[in-house]
$ cat entry.txt   # compact mmCIF, N, CA and C atoms
# COMPACT_ATOMS: atom_id res chain seq x y z
N TYR A 814 -0.97 -0.38 -3.04
CA TYR A 814 -1.38 0.95 -3.40
C TYR A 814 -2.42 1.52 -2.44
N ARG A 815 -3.24 0.67 -1.86
CA ARG A 815 -4.29 1.16 -0.97
C ARG A 815 -3.74 1.77 0.31
N ALA A 816 -2.52 1.45 0.67
CA ALA A 816 -1.92 2.01 1.89
C ALA A 816 -1.31 3.38 1.63
N TYR A 817 -1.21 3.77 0.38
CA TYR A 817 -0.62 5.06 0.00
C TYR A 817 0.80 5.21 0.55
N LEU A 818 1.58 4.15 0.42
CA LEU A 818 2.99 4.17 0.82
C LEU A 818 3.85 4.01 -0.42
N SER A 819 4.94 4.71 -0.44
CA SER A 819 5.91 4.49 -1.52
C SER A 819 6.67 3.20 -1.20
N PHE A 820 7.37 2.68 -2.18
CA PHE A 820 8.16 1.47 -1.95
C PHE A 820 9.21 1.71 -0.88
N ALA A 821 9.83 2.89 -0.89
CA ALA A 821 10.85 3.21 0.13
C ALA A 821 10.24 3.24 1.53
N GLN A 822 9.06 3.82 1.66
CA GLN A 822 8.38 3.86 2.96
C GLN A 822 8.03 2.45 3.42
N LEU A 823 7.53 1.64 2.50
CA LEU A 823 7.18 0.26 2.83
C LEU A 823 8.39 -0.50 3.34
N ARG A 824 9.51 -0.37 2.64
CA ARG A 824 10.73 -1.07 3.06
C ARG A 824 11.17 -0.61 4.45
N GLU A 825 11.08 0.69 4.71
CA GLU A 825 11.47 1.22 6.02
C GLU A 825 10.58 0.65 7.13
N TYR A 826 9.27 0.67 6.91
CA TYR A 826 8.34 0.17 7.92
C TYR A 826 8.50 -1.33 8.13
N LEU A 827 8.66 -2.08 7.06
CA LEU A 827 8.87 -3.52 7.21
C LEU A 827 10.15 -3.79 7.98
N GLY A 828 11.20 -3.03 7.70
CA GLY A 828 12.46 -3.19 8.43
C GLY A 828 12.29 -2.94 9.92
N LEU A 829 11.55 -1.90 10.27
CA LEU A 829 11.30 -1.59 11.68
C LEU A 829 10.50 -2.70 12.36
N LEU A 830 9.51 -3.22 11.65
CA LEU A 830 8.71 -4.30 12.22
C LEU A 830 9.54 -5.56 12.43
N VAL A 831 10.42 -5.87 11.48
CA VAL A 831 11.30 -7.04 11.61
C VAL A 831 12.28 -6.82 12.76
N GLU A 832 12.91 -5.65 12.81
CA GLU A 832 13.87 -5.34 13.87
C GLU A 832 13.26 -5.46 15.26
N ASN A 833 11.99 -5.12 15.38
CA ASN A 833 11.32 -5.17 16.67
C ASN A 833 10.63 -6.50 16.94
N GLY A 834 10.83 -7.46 16.04
CA GLY A 834 10.30 -8.80 16.27
C GLY A 834 8.80 -8.93 16.12
N LEU A 835 8.18 -8.01 15.39
CA LEU A 835 6.73 -8.05 15.22
C LEU A 835 6.32 -8.85 13.99
N ILE A 836 7.19 -8.89 13.01
CA ILE A 836 6.99 -9.74 11.83
C ILE A 836 8.32 -10.40 11.50
N GLU A 837 8.25 -11.45 10.72
CA GLU A 837 9.49 -12.07 10.23
C GLU A 837 9.37 -12.36 8.75
N TYR A 838 10.50 -12.26 8.08
CA TYR A 838 10.55 -12.48 6.63
C TYR A 838 10.66 -13.96 6.37
N GLU A 839 9.82 -14.44 5.47
CA GLU A 839 9.91 -15.82 5.01
C GLU A 839 10.31 -15.77 3.55
N ARG A 840 10.36 -16.87 2.91
CA ARG A 840 10.80 -16.90 1.51
C ARG A 840 9.73 -16.33 0.57
N HIS A 841 10.15 -16.02 -0.61
CA HIS A 841 9.26 -15.54 -1.69
C HIS A 841 8.55 -14.24 -1.33
N GLN A 842 9.26 -13.32 -0.73
CA GLN A 842 8.72 -11.99 -0.41
C GLN A 842 7.47 -12.06 0.47
N THR A 843 7.49 -12.96 1.44
CA THR A 843 6.36 -13.14 2.35
C THR A 843 6.79 -12.77 3.76
N TYR A 844 5.93 -12.06 4.46
CA TYR A 844 6.17 -11.71 5.86
C TYR A 844 5.09 -12.38 6.70
N ARG A 845 5.49 -12.79 7.91
CA ARG A 845 4.56 -13.45 8.81
C ARG A 845 4.56 -12.71 10.14
N THR A 846 3.38 -12.53 10.70
CA THR A 846 3.27 -11.89 12.01
C THR A 846 3.76 -12.86 13.07
N THR A 847 4.64 -12.39 13.95
CA THR A 847 5.16 -13.23 15.03
C THR A 847 4.17 -13.25 16.19
N GLU A 848 4.43 -14.11 17.17
CA GLU A 848 3.60 -14.14 18.37
C GLU A 848 3.60 -12.78 19.06
N LYS A 849 4.77 -12.15 19.10
CA LYS A 849 4.88 -10.82 19.70
C LYS A 849 4.01 -9.82 18.94
N GLY A 850 4.02 -9.89 17.62
CA GLY A 850 3.20 -9.01 16.81
C GLY A 850 1.72 -9.24 17.03
N ILE A 851 1.33 -10.51 17.15
CA ILE A 851 -0.07 -10.84 17.40
C ILE A 851 -0.49 -10.31 18.77
N ARG A 852 0.37 -10.46 19.77
CA ARG A 852 0.05 -9.92 21.11
C ARG A 852 -0.13 -8.41 21.06
N LEU A 853 0.74 -7.73 20.32
CA LEU A 853 0.62 -6.27 20.19
C LEU A 853 -0.71 -5.89 19.55
N LEU A 854 -1.11 -6.60 18.51
CA LEU A 854 -2.40 -6.31 17.86
C LEU A 854 -3.57 -6.58 18.81
N GLN A 855 -3.47 -7.64 19.60
CA GLN A 855 -4.53 -7.94 20.57
C GLN A 855 -4.63 -6.85 21.63
N ILE A 856 -3.48 -6.37 22.11
CA ILE A 856 -3.46 -5.29 23.09
C ILE A 856 -4.05 -4.02 22.48
N HIS A 857 -3.68 -3.73 21.25
CA HIS A 857 -4.23 -2.56 20.56
C HIS A 857 -5.75 -2.65 20.46
N ASP A 858 -6.26 -3.82 20.07
CA ASP A 858 -7.70 -4.01 19.95
C ASP A 858 -8.39 -3.81 21.30
N LYS A 859 -7.78 -4.34 22.36
CA LYS A 859 -8.35 -4.21 23.70
C LYS A 859 -8.37 -2.75 24.14
N MET A 860 -7.29 -2.03 23.87
CA MET A 860 -7.23 -0.61 24.23
C MET A 860 -8.30 0.18 23.47
N GLU A 861 -8.48 -0.12 22.21
CA GLU A 861 -9.50 0.55 21.41
C GLU A 861 -10.89 0.24 21.96
N GLU A 862 -11.08 -0.98 22.42
CA GLU A 862 -12.35 -1.39 23.00
C GLU A 862 -12.61 -0.63 24.32
N LEU A 863 -11.58 -0.46 25.12
CA LEU A 863 -11.71 0.20 26.42
C LEU A 863 -11.82 1.71 26.31
N ALA A 864 -11.15 2.29 25.33
CA ALA A 864 -11.13 3.75 25.18
C ALA A 864 -11.25 4.11 23.70
N PRO A 865 -12.43 3.89 23.12
CA PRO A 865 -12.58 4.18 21.69
C PRO A 865 -12.47 5.67 21.40
N LEU A 866 -11.89 5.96 20.26
CA LEU A 866 -11.80 7.34 19.79
C LEU A 866 -12.86 7.55 18.72
N SER A 867 -13.44 8.73 18.71
CA SER A 867 -14.40 9.02 17.65
C SER A 867 -13.63 9.19 16.34
N PHE A 868 -14.30 9.10 15.22
CA PHE A 868 -13.66 9.24 13.92
C PHE A 868 -12.96 10.59 13.81
N ALA A 869 -13.58 11.66 14.32
CA ALA A 869 -12.98 12.99 14.24
C ALA A 869 -11.67 13.06 15.03
N GLU A 870 -11.62 12.40 16.18
CA GLU A 870 -10.39 12.41 16.98
C GLU A 870 -9.29 11.63 16.28
N LYS A 871 -9.64 10.55 15.61
CA LYS A 871 -8.65 9.74 14.90
C LYS A 871 -8.02 10.51 13.75
N ALA A 872 -8.77 11.40 13.14
CA ALA A 872 -8.29 12.14 11.97
C ALA A 872 -7.27 13.21 12.33
N LYS A 873 -7.16 13.56 13.61
CA LYS A 873 -6.23 14.62 14.03
C LYS A 873 -4.79 14.20 13.87
$ encode --input "entry.txt" --output "structure tokens"
Amino acid sequence: YRAYLSFAQLREYLGLLVENGLIEYERHQTYRTTEKGIRLLQIHDKMEELAPLSFAEKAK
């Protein structure tokens, strides 16, 4: 609920992440971040560190 996504939106986003190899589905409705997904998050963090956006810019 904190993400403010409907169930349909969640399913769509999870499907896209799985299709792109960023997460994988495990048993019992569990998803795991893949190595590729972890690398993407690390790159994102590094980019944010190198070129931070102010809160006002992020809200646009």
$ select_by_dssp --input "entry.txt" --residues "chain A" --states "strand (DSSP E)" --output "mmCIF file with N, CA and C atoms, in the frame of the given file"
data_model
loop_
_atom_site.group_PDB
_atom_site.id
_atom_site.type_symbol
_atom_site.label_atom_id
_atom_site.label_comp_id
_atom_site.auth_asym_id
_atom_site.auth_seq_id
_atom_site.Cartn_x
_atom_site.Cartn_y
_atom_site.Cartn_z
ATOM 1 N N ILE A 836 7.190 -8.890 13.010
ATOM 2 C CA ILE A 836 6.990 -9.740 11.830
ATOM 3 C C ILE A 836 8.320 -10.400 11.500
ATOM 4 N N GLU A 837 8.250 -11.450 10.720
ATOM 5 C CA GLU A 837 9.490 -12.070 10.230
ATOM 6 C C GLU A 837 9.370 -12.360 8.750
ATOM 7 N N TYR A 838 10.500 -12.260 8.080
ATOM 8 C CA TYR A 838 10.550 -12.480 6.630
ATOM 9 C C TYR A 838 10.660 -13.960 6.370
ATOM 10 N N GLU A 839 9.820 -14.440 5.470
ATOM 11 C CA GLU A 839 9.910 -15.820 5.010
ATOM 12 C C GLU A 839 10.310 -15.770 3.550
ATOM 13 N N THR A 843 7.490 -12.960 1.440
ATOM 14 C CA THR A 843 6.360 -13.140 2.350
ATOM 15 C C THR A 843 6.790 -12.770 3.760
ATOM 16 N N TYR A 844 5.930 -12.060 4.460
ATOM 17 C CA TYR A 844 6.170 -11.710 5.860
ATOM 18 C C TYR A 844 5.090 -12.380 6.700
ATOM 19 N N ARG A 845 5.490 -12.790 7.910
ATOM 20 C CA ARG A 845 4.560 -13.450 8.810
ATOM 21 C C ARG A 845 4.560 -12.710 10.140
ATOM 22 N N THR A 846 3.380 -12.530 10.700
ATOM 23 C CA THR A 846 3.270 -11.890 12.010
ATOM 24 C C THR A 846 3.760 -12.860 13.070
#
$ select_by_dssp --input "entry.txt" --residues "chain A" --states "helix (DSSP H, G or I)" --output "PyMOL selection string"
chain A and resi 820-832+848-863+868-871
$ axis_aligned_box --input "entry.txt" --around "region 851-862 of chain A" --padding-each-side "3 Å" --output "JSON"
{"center_x": -5.6, "center_y": -5.1, "center_z": 20.7, "size_x": 19.9, "size_y": 17.4, "size_z": 13.2}
$ atom_distance --input "entry.txt" --atom1 "atom C of Gly850 (chain A)" --atom2 "atom N of Ile836 (chain A)"
6.8 Å
$ atom_distance --input "entry.txt" --atom1 "CA of Val831 (chain A)" --atom2 "atom C of Leu863 (chain A)"
28.8 Å
$ atom_distance --input "entry.txt" --atom1 "atom N of Leu853 (chain A)" --atom2 "atom C of Leu835 (chain A)"
8.5 Å
$ residues_around --input "entry.txt" --residues "Asn833 (chain A)" --least-positions-apart "5" --cutoff "8 Å" --atoms "all atoms listed in the file" --output "PDB file with N, CA and C atoms, in the coordinates of the input"
ATOM      1  N   LEU A 827       8.660  -2.080   7.060  1.00  0.00           N
ATOM      2  CA  LEU A 827       8.870  -3.520   7.210  1.00  0.00           C
ATOM      3  C   LEU A 827      10.150  -3.790   7.980  1.00  0.00           C
ATOM      4  N   GLY A 828      11.200  -3.030   7.700  1.00  0.00           N
ATOM      5  CA  GLY A 828      12.460  -3.190   8.430  1.00  0.00           C
ATOM      6  C   GLY A 828      12.290  -2.940   9.920  1.00  0.00           C
ATOM      7  N   LYS A 849       4.770 -12.150  19.100  1.00  0.00           N
ATOM      8  CA  LYS A 849       4.880 -10.820  19.700  1.00  0.00           C
ATOM      9  C   LYS A 849       4.010  -9.820  18.940  1.00  0.00           C
ATOM     10  N   GLY A 850       4.020  -9.890  17.620  1.00  0.00           N
ATOM     11  CA  GLY A 850       3.200  -9.010  16.810  1.00  0.00           C
ATOM     12  C   GLY A 850       1.720  -9.240  17.030  1.00  0.00           C
TER      13      GLY A 850
END
